[in-house]
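Heads up, work-v3.tsv below (TSV, C-alpha atoms):
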```tsv
chain	number	residue	atom	x	y	z
X	1	MET	CA	-33.65	-35.74	12.88
X	2	LYS	CA	-30.38	-35.87	10.98
X	3	ILE	CA	-27.14	-36.27	12.92
X	4	ALA	CA	-23.74	-35.75	11.31
X	5	PHE	CA	-20.70	-37.71	12.53
X	6	ALA	CA	-17.11	-36.79	11.68
X	7	ALA	CA	-15.95	-40.27	10.70
X	8	SER	CA	-12.81	-41.94	9.46
X	9	GLY	CA	-14.75	-44.39	7.25
X	10	GLU	CA	-18.05	-45.05	5.47
X	11	THR	CA	-19.83	-47.38	7.89
X	12	LEU	CA	-21.30	-47.12	11.37
X	13	GLU	CA	-18.39	-49.26	12.56
X	14	ALA	CA	-15.93	-46.56	11.44
X	15	ALA	CA	-14.06	-44.72	14.15
X	16	LEU	CA	-14.90	-41.09	14.88
X	17	ASP	CA	-12.22	-39.10	13.10
X	18	SER	CA	-9.79	-37.37	15.44
X	19	ARG	CA	-10.17	-34.21	13.31
X	20	PHE	CA	-13.28	-32.36	12.28
X	21	GLY	CA	-12.21	-30.10	9.41
X	22	ARG	CA	-10.14	-32.77	7.76
X	23	ALA	CA	-12.29	-35.76	8.74
X	24	ALA	CA	-12.29	-38.44	6.03
X	25	LYS	CA	-16.11	-38.56	5.76
X	26	PHE	CA	-19.27	-37.28	7.30
X	27	ILE	CA	-21.87	-39.90	8.08
X	28	VAL	CA	-25.29	-38.29	8.18
X	29	TYR	CA	-27.67	-40.52	10.10
X	30	ASP	CA	-31.42	-39.99	9.78
X	31	THR	CA	-33.15	-41.18	12.98
X	32	GLU	CA	-36.58	-41.14	11.36
X	33	ILE	CA	-35.74	-43.82	8.82
X	34	ASP	CA	-32.76	-45.39	10.65
X	35	ALA	CA	-30.52	-45.03	7.60
X	36	PHE	CA	-27.48	-43.01	6.81
X	37	ALA	CA	-25.77	-41.27	3.91
X	38	VAL	CA	-22.05	-40.71	3.47
X	39	VAL	CA	-20.84	-37.21	2.58
X	40	ASP	CA	-17.37	-36.90	1.17
X	41	ASN	CA	-14.94	-34.40	2.68
X	42	VAL	CA	-12.12	-35.00	0.19
X	43	GLN	CA	-12.21	-31.41	-1.09
X	44	ASN	CA	-11.16	-30.31	2.38
X	45	LEU	CA	-8.28	-32.68	3.03
X	46	ASN	CA	-5.69	-30.62	1.18
X	47	VAL	CA	-6.84	-27.02	1.58
X	48	ALA	CA	-4.21	-24.74	3.06
X	49	GLN	CA	-6.51	-23.18	5.62
X	50	GLY	CA	-10.14	-22.96	6.71
X	51	SER	CA	-10.95	-26.67	6.52
X	52	GLY	CA	-13.04	-26.46	9.69
X	53	ILE	CA	-15.07	-23.59	8.25
X	54	GLN	CA	-15.72	-25.46	5.00
X	55	ALA	CA	-16.51	-28.71	6.83
X	56	ALA	CA	-19.01	-26.85	9.01
X	57	GLN	CA	-20.66	-25.54	5.87
X	58	THR	CA	-20.76	-29.07	4.42
X	59	VAL	CA	-22.45	-30.31	7.60
X	60	SER	CA	-24.91	-27.43	7.43
X	61	GLN	CA	-25.76	-28.23	3.81
X	62	SER	CA	-26.33	-31.89	4.67
X	63	GLY	CA	-29.39	-30.85	6.65
X	64	ALA	CA	-27.99	-32.18	9.92
X	65	GLU	CA	-29.30	-30.55	13.10
X	66	CYS	CA	-26.44	-31.78	15.23
X	67	LEU	CA	-22.86	-32.89	14.89
X	68	VAL	CA	-20.92	-35.48	16.85
X	69	ALA	CA	-17.16	-35.14	16.59
X	70	ARG	CA	-14.12	-35.94	18.68
X	71	HIS	CA	-13.07	-32.29	18.62
X	72	CYS	CA	-14.09	-29.02	17.06
X	73	GLY	CA	-12.07	-25.81	16.74
X	74	PRO	CA	-13.23	-22.23	17.32
X	75	LYS	CA	-13.82	-21.17	13.69
X	76	ALA	CA	-15.79	-24.32	12.88
X	77	PHE	CA	-17.77	-23.91	16.11
X	78	ARG	CA	-18.68	-20.35	15.15
X	79	VAL	CA	-20.04	-21.48	11.77
X	80	LEU	CA	-21.89	-24.45	13.29
X	81	SER	CA	-23.45	-22.26	15.98
X	82	ALA	CA	-24.51	-19.66	13.42
X	83	ALA	CA	-26.08	-22.45	11.36
X	84	GLY	CA	-28.00	-23.62	14.44
X	85	ILE	CA	-26.22	-26.96	14.66
X	86	THR	CA	-25.76	-28.46	18.11
X	87	VAL	CA	-22.26	-29.82	18.64
X	88	TYR	CA	-21.49	-32.87	20.78
X	89	HIS	CA	-17.95	-33.95	21.60
X	90	SER	CA	-17.57	-37.68	22.02
X	91	ALA	CA	-14.71	-40.03	22.78
X	92	ALA	CA	-16.76	-43.06	21.67
X	93	PRO	CA	-14.74	-45.55	19.62
X	94	THR	CA	-17.15	-45.83	16.68
X	95	VAL	CA	-19.94	-43.92	15.00
X	96	ALA	CA	-22.40	-46.58	16.19
X	97	ALA	CA	-21.26	-46.21	19.80
X	98	ALA	CA	-21.49	-42.42	19.57
X	99	LEU	CA	-25.00	-42.74	18.11
X	100	GLU	CA	-26.05	-44.99	21.00
X	101	ALA	CA	-24.59	-42.52	23.51
X	102	LEU	CA	-26.48	-39.67	21.87
X	103	LYS	CA	-29.74	-41.62	21.81
X	104	ALA	CA	-29.23	-42.60	25.47
X	105	GLY	CA	-28.83	-38.93	26.31
X	106	THR	CA	-25.37	-39.27	27.81
X	107	LEU	CA	-23.79	-36.62	25.56
X	108	GLU	CA	-23.90	-33.00	26.66
X	109	PRO	CA	-24.22	-30.25	24.02
X	110	ALA	CA	-20.95	-28.33	23.74
X	111	THR	CA	-21.02	-24.65	24.62
X	112	SER	CA	-17.69	-23.88	22.99
X	113	SER	CA	-14.90	-25.36	20.92
X	114	ASP	CA	-12.74	-27.82	22.81
X	115	VAL	CA	-9.43	-27.33	20.97
X	116	GLU	CA	-7.45	-24.30	19.87
X	117	GLY	CA	-7.55	-22.93	16.37
X	118	HIS	CA	-4.67	-23.40	13.97
X	119	TRP	CA	-2.53	-20.40	13.22
X	120	VAL	CA	-3.38	-20.45	9.57
S	1	MET	CA	21.46	-0.22	-4.16
S	2	ILE	CA	19.38	-2.75	-2.24
S	3	VAL	CA	21.18	-5.64	-0.56
S	4	ALA	CA	19.24	-8.46	1.08
S	5	VAL	CA	20.74	-10.60	3.81
S	6	ALA	CA	18.98	-13.95	3.70
S	7	SER	CA	19.47	-17.60	4.61
S	8	GLY	CA	17.62	-20.85	4.27
S	9	LYS	CA	18.21	-21.94	7.84
S	10	GLY	CA	17.22	-19.76	10.77
S	11	GLY	CA	19.79	-18.67	13.31
S	12	THR	CA	22.75	-18.60	10.94
S	13	GLY	CA	23.56	-14.93	11.56
S	14	LYS	CA	21.48	-12.87	9.13
S	15	THR	CA	20.83	-10.13	11.65
S	16	THR	CA	24.45	-10.15	12.82
S	17	VAL	CA	25.66	-9.65	9.26
S	18	ALA	CA	22.93	-7.17	8.27
S	19	THR	CA	23.25	-4.90	11.31
S	20	ASN	CA	27.06	-4.79	11.35
S	21	LEU	CA	27.21	-4.28	7.58
S	22	ALA	CA	24.70	-1.42	7.77
S	23	ARG	CA	26.58	0.29	10.61
S	24	VAL	CA	29.99	0.20	8.88
S	25	CYS	CA	28.51	1.53	5.62
S	26	ALA	CA	26.82	4.42	7.43
S	27	ALA	CA	29.99	5.09	9.41
S	28	ALA	CA	31.95	5.22	6.14
S	29	GLY	CA	29.78	8.12	5.04
S	30	ARG	CA	27.36	6.34	2.72
S	31	ALA	CA	23.66	7.14	3.23
S	32	THR	CA	22.42	3.77	4.54
S	33	GLN	CA	19.17	2.25	5.72
S	34	TYR	CA	18.71	-0.93	7.71
S	35	LEU	CA	15.27	-2.46	7.13
S	36	ASP	CA	14.13	-5.31	9.37
S	37	CYS	CA	11.81	-7.40	7.17
S	38	ASP	CA	11.84	-10.35	9.58
S	39	VAL	CA	8.49	-8.98	10.71
S	40	GLU	CA	7.33	-12.10	12.56
S	41	GLU	CA	10.37	-12.03	14.79
S	42	PRO	CA	12.24	-8.73	14.35
S	43	ASN	CA	15.42	-8.52	16.41
S	44	GLY	CA	17.69	-6.02	14.62
S	45	HIS	CA	16.57	-3.33	17.09
S	46	ILE	CA	18.04	-5.31	19.99
S	47	PHE	CA	21.53	-4.79	18.56
S	48	LEU	CA	21.14	-1.43	16.82
S	49	LYS	CA	19.16	0.20	19.67
S	50	PRO	CA	17.63	2.82	17.35
S	51	GLN	CA	16.01	6.09	18.45
S	52	ILE	CA	12.47	5.58	17.17
S	53	THR	CA	10.98	8.78	15.81
S	54	GLN	CA	7.88	7.51	14.03
S	55	ARG	CA	5.40	4.65	14.37
S	56	GLN	CA	2.78	3.94	11.76
S	57	ASP	CA	-0.03	1.38	11.70
S	58	VAL	CA	-0.14	-1.03	8.78
S	59	THR	CA	-3.58	-2.04	7.65
S	60	VAL	CA	-5.04	-4.36	5.02
S	61	GLU	CA	-8.57	-4.40	3.64
S	62	VAL	CA	-11.04	-7.04	4.81
S	63	PRO	CA	-14.76	-7.34	4.06
S	64	GLU	CA	-17.40	-5.72	6.23
S	65	VAL	CA	-20.94	-7.05	5.93
S	66	ASP	CA	-24.02	-4.85	5.88
S	67	ALA	CA	-26.58	-7.45	6.97
S	68	SER	CA	-29.49	-5.22	5.96
S	69	LYS	CA	-28.44	-5.40	2.30
S	70	CYS	CA	-27.29	-9.05	2.23
S	71	THR	CA	-29.53	-11.49	0.36
S	72	ALA	CA	-27.42	-14.53	1.40
S	73	CYS	CA	-26.90	-15.39	-2.26
S	74	GLY	CA	-23.58	-17.08	-1.43
S	75	ALA	CA	-21.49	-15.47	-4.20
S	76	CYS	CA	-18.91	-14.15	-1.70
S	77	GLY	CA	-18.34	-17.55	-0.10
S	78	ARG	CA	-17.96	-19.23	-3.48
S	79	ILE	CA	-15.29	-16.87	-4.74
S	80	CYS	CA	-13.22	-16.85	-1.54
S	81	GLN	CA	-10.31	-19.29	-1.85
S	82	TYR	CA	-9.32	-18.89	1.81
S	83	SER	CA	-12.54	-19.66	3.68
S	84	ALA	CA	-12.43	-16.12	5.01
S	85	ILE	CA	-16.09	-15.54	4.26
S	86	VAL	CA	-18.90	-18.09	4.39
S	87	CYS	CA	-22.53	-17.75	3.57
S	88	LEU	CA	-25.07	-19.77	5.52
S	89	GLN	CA	-28.79	-19.91	4.77
S	90	ASP	CA	-29.53	-16.47	6.13
S	91	GLN	CA	-26.25	-14.82	7.06
S	92	VAL	CA	-22.63	-14.17	6.12
S	93	LEU	CA	-19.75	-14.81	8.50
S	94	THR	CA	-16.26	-13.40	8.01
S	95	PHE	CA	-12.93	-14.66	9.36
S	96	GLU	CA	-10.61	-11.67	9.10
S	97	SER	CA	-7.46	-13.51	10.06
S	98	LEU	CA	-7.83	-15.79	7.02
S	99	CYS	CA	-8.53	-12.99	4.51
S	100	HIS	CA	-5.87	-12.23	1.89
S	101	SER	CA	-7.51	-8.93	0.76
S	102	CYS	CA	-8.03	-10.07	-2.82
S	103	GLY	CA	-11.23	-8.00	-2.95
S	104	GLY	CA	-13.14	-10.76	-4.78
S	105	CYS	CA	-16.04	-10.83	-2.33
S	106	TRP	CA	-16.95	-7.15	-2.54
S	107	LEU	CA	-16.52	-7.24	-6.32
S	108	VAL	CA	-18.96	-10.13	-6.83
S	109	CYS	CA	-21.52	-9.06	-4.22
S	110	PRO	CA	-24.59	-8.15	-6.31
S	111	SER	CA	-26.40	-6.27	-3.54
S	112	GLY	CA	-23.64	-3.98	-2.29
S	113	ALA	CA	-23.70	-5.65	1.12
S	114	LEU	CA	-19.92	-5.95	1.32
S	115	ARG	CA	-17.39	-3.18	1.48
S	116	PRO	CA	-13.71	-3.05	2.40
S	117	LYS	CA	-12.68	-1.91	5.87
S	118	PRO	CA	-9.17	-1.53	7.26
S	119	LEU	CA	-7.74	-4.18	9.59
S	120	LYS	CA	-4.55	-3.42	11.50
S	121	ILE	CA	-1.93	-6.15	11.05
S	122	GLY	CA	1.07	-4.45	12.55
S	123	GLU	CA	3.32	-1.42	12.77
S	124	VAL	CA	6.30	0.02	10.97
S	125	GLU	CA	8.67	2.01	13.15
S	126	SER	CA	11.43	4.21	11.86
S	127	GLY	CA	14.29	6.04	13.49
S	128	THR	CA	18.02	6.44	13.48
S	129	VAL	CA	21.18	4.90	14.89
S	130	GLY	CA	23.72	7.68	14.49
S	131	ALA	CA	24.04	8.20	10.74
S	132	LEU	CA	22.16	4.98	9.96
S	133	ASP	CA	18.44	5.00	9.17
S	134	TYR	CA	16.42	2.29	10.87
S	135	VAL	CA	13.10	0.84	9.64
S	136	GLY	CA	11.49	-2.14	11.30
S	137	GLY	CA	8.22	-3.96	10.73
S	138	ARG	CA	6.34	-5.86	13.39
S	139	LEU	CA	3.41	-8.12	12.55
S	140	GLU	CA	0.81	-8.46	15.29
S	141	ILE	CA	0.55	-11.87	16.93
S	142	GLY	CA	-1.99	-14.12	15.25
S	143	HIS	CA	-1.86	-12.41	11.87
S	144	VAL	CA	-0.64	-14.25	8.80
S	145	ARG	CA	-0.26	-11.34	6.37
S	146	THR	CA	3.53	-11.42	6.49
S	147	PRO	CA	4.16	-10.54	2.80
S	148	ALA	CA	1.82	-7.53	3.02
S	149	MET	CA	3.64	-6.32	6.11
S	150	ILE	CA	7.05	-6.77	4.44
S	151	GLY	CA	5.80	-4.86	1.40
S	152	GLN	CA	4.92	-1.94	3.68
S	153	VAL	CA	8.39	-1.94	5.26
S	154	LYS	CA	9.92	-1.89	1.77
S	155	THR	CA	7.93	1.17	0.72
S	156	ARG	CA	10.30	3.06	3.09
S	157	ILE	CA	13.34	2.25	0.93
S	158	ARG	CA	14.97	5.52	-0.19
S	159	PRO	CA	16.26	5.48	-3.77
S	160	ASP	CA	19.22	7.66	-2.83
S	161	ALA	CA	20.43	5.36	-0.08
S	162	LEU	CA	22.04	1.97	0.33
S	163	ALA	CA	19.31	-0.30	1.72
S	164	ILE	CA	20.28	-3.38	3.74
S	165	ILE	CA	17.32	-5.72	4.16
S	166	ASP	CA	17.20	-8.26	6.99
S	167	VAL	CA	15.17	-11.08	5.39
S	168	PRO	CA	13.16	-13.69	7.34
S	169	PRO	CA	14.60	-17.23	7.28
S	170	GLY	CA	13.37	-19.96	4.98
S	171	THR	CA	12.33	-19.97	1.34
S	172	SER	CA	8.58	-19.31	1.52
S	173	CYS	CA	6.34	-16.36	0.55
S	174	PRO	CA	7.71	-13.88	3.14
S	175	VAL	CA	11.24	-14.50	1.86
S	176	VAL	CA	10.13	-13.98	-1.74
S	177	ALA	CA	8.36	-10.77	-0.70
S	178	ALA	CA	11.53	-9.51	0.99
S	179	LEU	CA	13.80	-10.46	-1.93
S	180	LYS	CA	11.64	-9.02	-4.71
S	181	GLY	CA	13.40	-6.15	-6.44
S	182	VAL	CA	16.73	-6.31	-4.57
S	183	ASP	CA	20.03	-5.88	-6.41
S	184	PHE	CA	22.12	-8.36	-4.50
S	185	VAL	CA	21.65	-11.17	-1.95
S	186	LEU	CA	24.03	-12.27	0.77
S	187	LEU	CA	23.20	-15.82	1.85
S	188	VAL	CA	24.43	-16.45	5.37
S	189	THR	CA	25.02	-20.07	6.29
S	190	GLU	CA	26.85	-22.16	8.83
S	191	PRO	CA	29.06	-25.02	7.65
S	192	THR	CA	26.91	-27.82	9.07
S	193	PRO	CA	24.72	-30.42	7.34
S	194	PHE	CA	21.61	-28.44	8.39
S	195	GLY	CA	23.10	-25.20	7.16
S	196	LEU	CA	24.10	-26.71	3.84
S	197	ASN	CA	20.73	-28.37	3.25
S	198	ASP	CA	18.91	-25.07	3.71
S	199	LEU	CA	21.58	-23.11	1.81
S	200	LYS	CA	20.89	-25.32	-1.23
S	201	LEU	CA	17.17	-24.43	-1.00
S	202	ALA	CA	17.97	-20.72	-0.68
S	203	VAL	CA	20.35	-20.86	-3.66
S	204	GLU	CA	17.63	-22.56	-5.70
S	205	LEU	CA	15.25	-19.72	-4.78
S	206	VAL	CA	17.58	-16.80	-5.60
S	207	ARG	CA	18.60	-18.47	-8.88
S	208	GLU	CA	14.92	-18.89	-9.78
S	209	MET	CA	14.43	-15.19	-9.03
S	210	GLY	CA	17.48	-14.33	-11.15
S	211	LEU	CA	19.24	-12.48	-8.32
S	212	PRO	CA	23.04	-12.22	-8.03
S	213	PHE	CA	24.29	-13.58	-4.72
S	214	SER	CA	27.29	-14.55	-2.64
S	215	VAL	CA	27.62	-16.71	0.46
S	216	VAL	CA	28.84	-15.69	3.90
S	217	ILE	CA	29.95	-18.60	6.08
S	218	ASN	CA	29.30	-17.85	9.73
S	219	ARG	CA	30.83	-19.80	12.60
S	220	ASP	CA	33.51	-20.98	10.23
S	221	GLY	CA	35.42	-23.86	11.79
S	222	ILE	CA	32.46	-25.87	13.12
S	223	GLY	CA	30.77	-28.69	11.19
S	224	ASN	CA	32.51	-30.03	8.12
S	225	ASP	CA	33.92	-29.09	4.71
S	226	GLU	CA	30.84	-29.99	2.68
S	227	THR	CA	29.60	-26.40	2.37
S	228	GLN	CA	32.95	-25.32	0.94
S	229	ALA	CA	32.98	-28.32	-1.43
S	230	HIS	CA	29.41	-27.63	-2.55
S	231	CYS	CA	30.12	-23.95	-3.22
S	232	THR	CA	33.23	-24.82	-5.21
S	233	ALA	CA	31.36	-27.41	-7.28
S	234	GLU	CA	28.45	-25.02	-7.89
S	235	LYS	CA	30.78	-22.07	-8.57
S	236	ILE	CA	29.18	-20.13	-5.70
S	237	ASP	CA	31.26	-17.23	-4.43
S	238	ILE	CA	32.07	-17.32	-0.70
S	239	VAL	CA	32.60	-13.63	-0.06
S	240	ALA	CA	33.30	-13.70	3.69
S	241	ARG	CA	33.82	-15.99	6.64
S	242	LEU	CA	33.08	-15.16	10.25
S	243	PRO	CA	35.04	-17.46	12.53
S	244	ASP	CA	33.48	-19.48	15.33
S	245	ASP	CA	34.73	-16.96	17.89
S	246	ARG	CA	33.57	-17.15	21.49
S	247	ARG	CA	33.86	-13.36	21.78
S	248	ILE	CA	31.20	-12.99	19.07
S	249	ALA	CA	28.85	-15.26	20.99
S	250	GLN	CA	29.47	-13.30	24.18
S	251	ALA	CA	28.80	-9.97	22.48
S	252	TYR	CA	25.66	-11.34	20.80
S	253	SER	CA	24.26	-12.77	24.01
S	254	SER	CA	24.58	-9.34	25.69
S	255	GLY	CA	22.94	-7.53	22.77
S	256	HIS	CA	26.19	-5.92	21.59
S	257	MET	CA	27.32	-5.51	18.01
S	258	ILE	CA	30.47	-7.32	16.95
S	259	ILE	CA	32.02	-4.17	15.48
S	260	ASP	CA	31.67	-2.45	18.86
S	261	ALA	CA	32.80	-5.41	20.95
S	262	ILE	CA	35.81	-6.64	18.98
S	263	ASP	CA	38.24	-4.19	17.39
S	264	GLU	CA	39.19	-5.92	14.17
S	265	TYR	CA	35.65	-6.66	13.01
S	266	ALA	CA	34.77	-3.21	11.69
S	267	GLY	CA	37.57	-3.77	9.19
S	268	HIS	CA	36.25	-7.22	8.26
S	269	PHE	CA	32.76	-5.84	7.63
S	270	ARG	CA	34.13	-2.89	5.63
S	271	LYS	CA	35.96	-5.41	3.47
S	272	LEU	CA	32.75	-7.35	2.96
S	273	ALA	CA	30.89	-4.13	2.10
S	274	THR	CA	33.53	-3.26	-0.48
S	275	ALA	CA	33.55	-6.76	-1.95
S	276	ILE	CA	29.82	-6.63	-2.73
S	277	GLY	CA	29.85	-3.02	-3.93
S	278	CYS	CA	28.25	-1.27	-0.93
S	279	LEU	CA	31.40	0.81	-0.39
S	280	GLU	CA	34.04	1.91	-2.82
```

Please render this file's structure as structure tokens.
Amino acid sequence: MKIAFAASGETLEAALDSRFGRAAKFIVYDTEIDAFAVVDNVQNLNVAQGSGIQAAQTVSQSGAECLVARHCGPKAFRVLSAAGITVYHSAAPTVAAALEALKAGTLEPATSSDVEGHWV
Amino acid sequence: MIVAVASGKGGTGKTTVATNLARVCAAAGRATQYLDCDVEEPNGHIFLKPQITQRQDVTVEVPEVDASKCTACGACGRICQYSAIVCLQDQVLTFESLCHSCGGCWLVCPSGALRPKPLKIGEVESGTVGALDYVGGRLEIGHVRTPAMIGQVKTRIRPDALAIIDVPPGTSCPVVAALKGVDFVLLVTEPTPFGLNDLKLAVELVREMGLPFSVVINRDGIGNDETQAHCTAEKIDIVARLPDDRRIAQAYSSGHMIIDAIDEYAGHFRKLATAIGCLE
């Protein structure tokens, strides 16, 4: 199974990014081979609006079945849900710690976004 | 003639100047309209207290998806620059509040699965205040189509009348939409460092748009002399000054117009109207 993490860097020691739509990178971890790929999100950092929507599409295209992020807004959540991606919110300090928490089963799937949308 | 009352900084007195100016022009016998284009935060009606005779919905076009025809080819999502429509593996999602109604998605859709549908973004209300015509736009909360809304308010401008436009503050797209096609701009400022900073931005904008303008200094007497010095150096005409008068603040805070509350001000506003060519 592939798991996407909204990360602020390119390694498993990177912190989870505080933002989803404008996260620096997505780390897509494949549990079957215990390896990960880094997906750039640079195209989204400067868009005027809809970064969460585009980021959700990026995650969907990466083949991930679930996403671990600090937070996720309503528009992104709608796209992720429609794409069949399970969202987990985590306050873990690093991607590695969030991965451990997910594997240990201590993360609950989110049923809705946990932050408000932006006005634009 | 179309006169816009604008400012860089908010709260400098645009509505005060626009409403009082419109009332004295109408009272002097000139066919006059007041148009509130500050559609995100309209407040001219609080002072003018118009009799509203007509309300009309303002709509824009957004895409509607016919899922039975959609092949999920993704063309719509690729052309949209605003993330208002996304195509997943087997479905299309739309985000109406992000749509700018460019029409690209329904033009590129090869299977006819997209068509435009109206989305209400606000209302335009019109009425009268004595001899003065009132038009006001109000954008619904959560919508971002401010320029479209302003454009709809401006379609009510009568060619035979003097139109006084109350412009939103700032120098961004809504301001440009409100200023487009006007004959003259009054830039209202206050003589403070904040007022001057934003006045400079507003001057830059109206010069870029090639619009003739003059400055009105409101709350004259507060702050410092830098606004005066800047206008002198830049050869900017200061056409009127409203003093920092406690009676004005009292009238404003009770929703009264200055020309009604303080005797001499109708004369001051008539003088301003004459100076910029609204009255003979």

Contact residues around Ile121 in chain S with all atoms listed in the file at 10 Å, ignoring same-chain residues under 6 positions, as a PyMOL selection string:
chain S and resi 57-60+97+138-146+148-149

S:Gly181, S:Gly77, S:Gly112, S:Pro169 ranked by distance to chain X, top pick (using all atoms listed in the file):
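Of S:Gly181, S:Gly77, S:Gly112, S:Pro169, the one nearest chain X, counting all atoms listed in the file, is S:Gly77.
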
Around the point (-24.3, -32.2, 19.9) (coordinates from the file), which residues reach within 7 Å if we count all atoms listed in the file? Answer as a ChimeraX atom specification.
/X:66-68,86-89,108-110

Pick from X:Ala69, X:Ala76, X:Val47, X:Ala91 nearest to Lys25 in chain X, counting only C-alpha atoms
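Smallest separation from Lys25 in chain X among the options: X:Ala69.
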
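With the cut-off set to 8 Å and only C-alpha atoms counted, chain X residues close to chain S are X:Ala48, X:Gln49, X:Gly50, X:Ser51, X:Ile53, X:Gln54, X:Gln57, X:Ser60, X:Lys75, X:Val79, X:Ala82, X:Ala83, X:Trp119, X:Val120.
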
Kindly export the residues of the current selection with C-alpha atoms, as a PDB file, in the frame of the given file.
```pdb
ATOM      1  CA  ALA X  48      -4.210 -24.740   3.060  1.00  0.00           C
ATOM      2  CA  GLN X  49      -6.510 -23.180   5.620  1.00  0.00           C
ATOM      3  CA  GLY X  50     -10.140 -22.960   6.710  1.00  0.00           C
ATOM      4  CA  SER X  51     -10.950 -26.670   6.520  1.00  0.00           C
ATOM      5  CA  ILE X  53     -15.070 -23.590   8.250  1.00  0.00           C
ATOM      6  CA  GLN X  54     -15.720 -25.460   5.000  1.00  0.00           C
ATOM      7  CA  GLN X  57     -20.660 -25.540   5.870  1.00  0.00           C
ATOM      8  CA  SER X  60     -24.910 -27.430   7.430  1.00  0.00           C
ATOM      9  CA  LYS X  75     -13.820 -21.170  13.690  1.00  0.00           C
ATOM     10  CA  VAL X  79     -20.040 -21.480  11.770  1.00  0.00           C
ATOM     11  CA  ALA X  82     -24.510 -19.660  13.420  1.00  0.00           C
ATOM     12  CA  ALA X  83     -26.080 -22.450  11.360  1.00  0.00           C
ATOM     13  CA  TRP X 119      -2.530 -20.400  13.220  1.00  0.00           C
ATOM     14  CA  VAL X 120      -3.380 -20.450   9.570  1.00  0.00           C
TER      15      VAL X 120
END
```
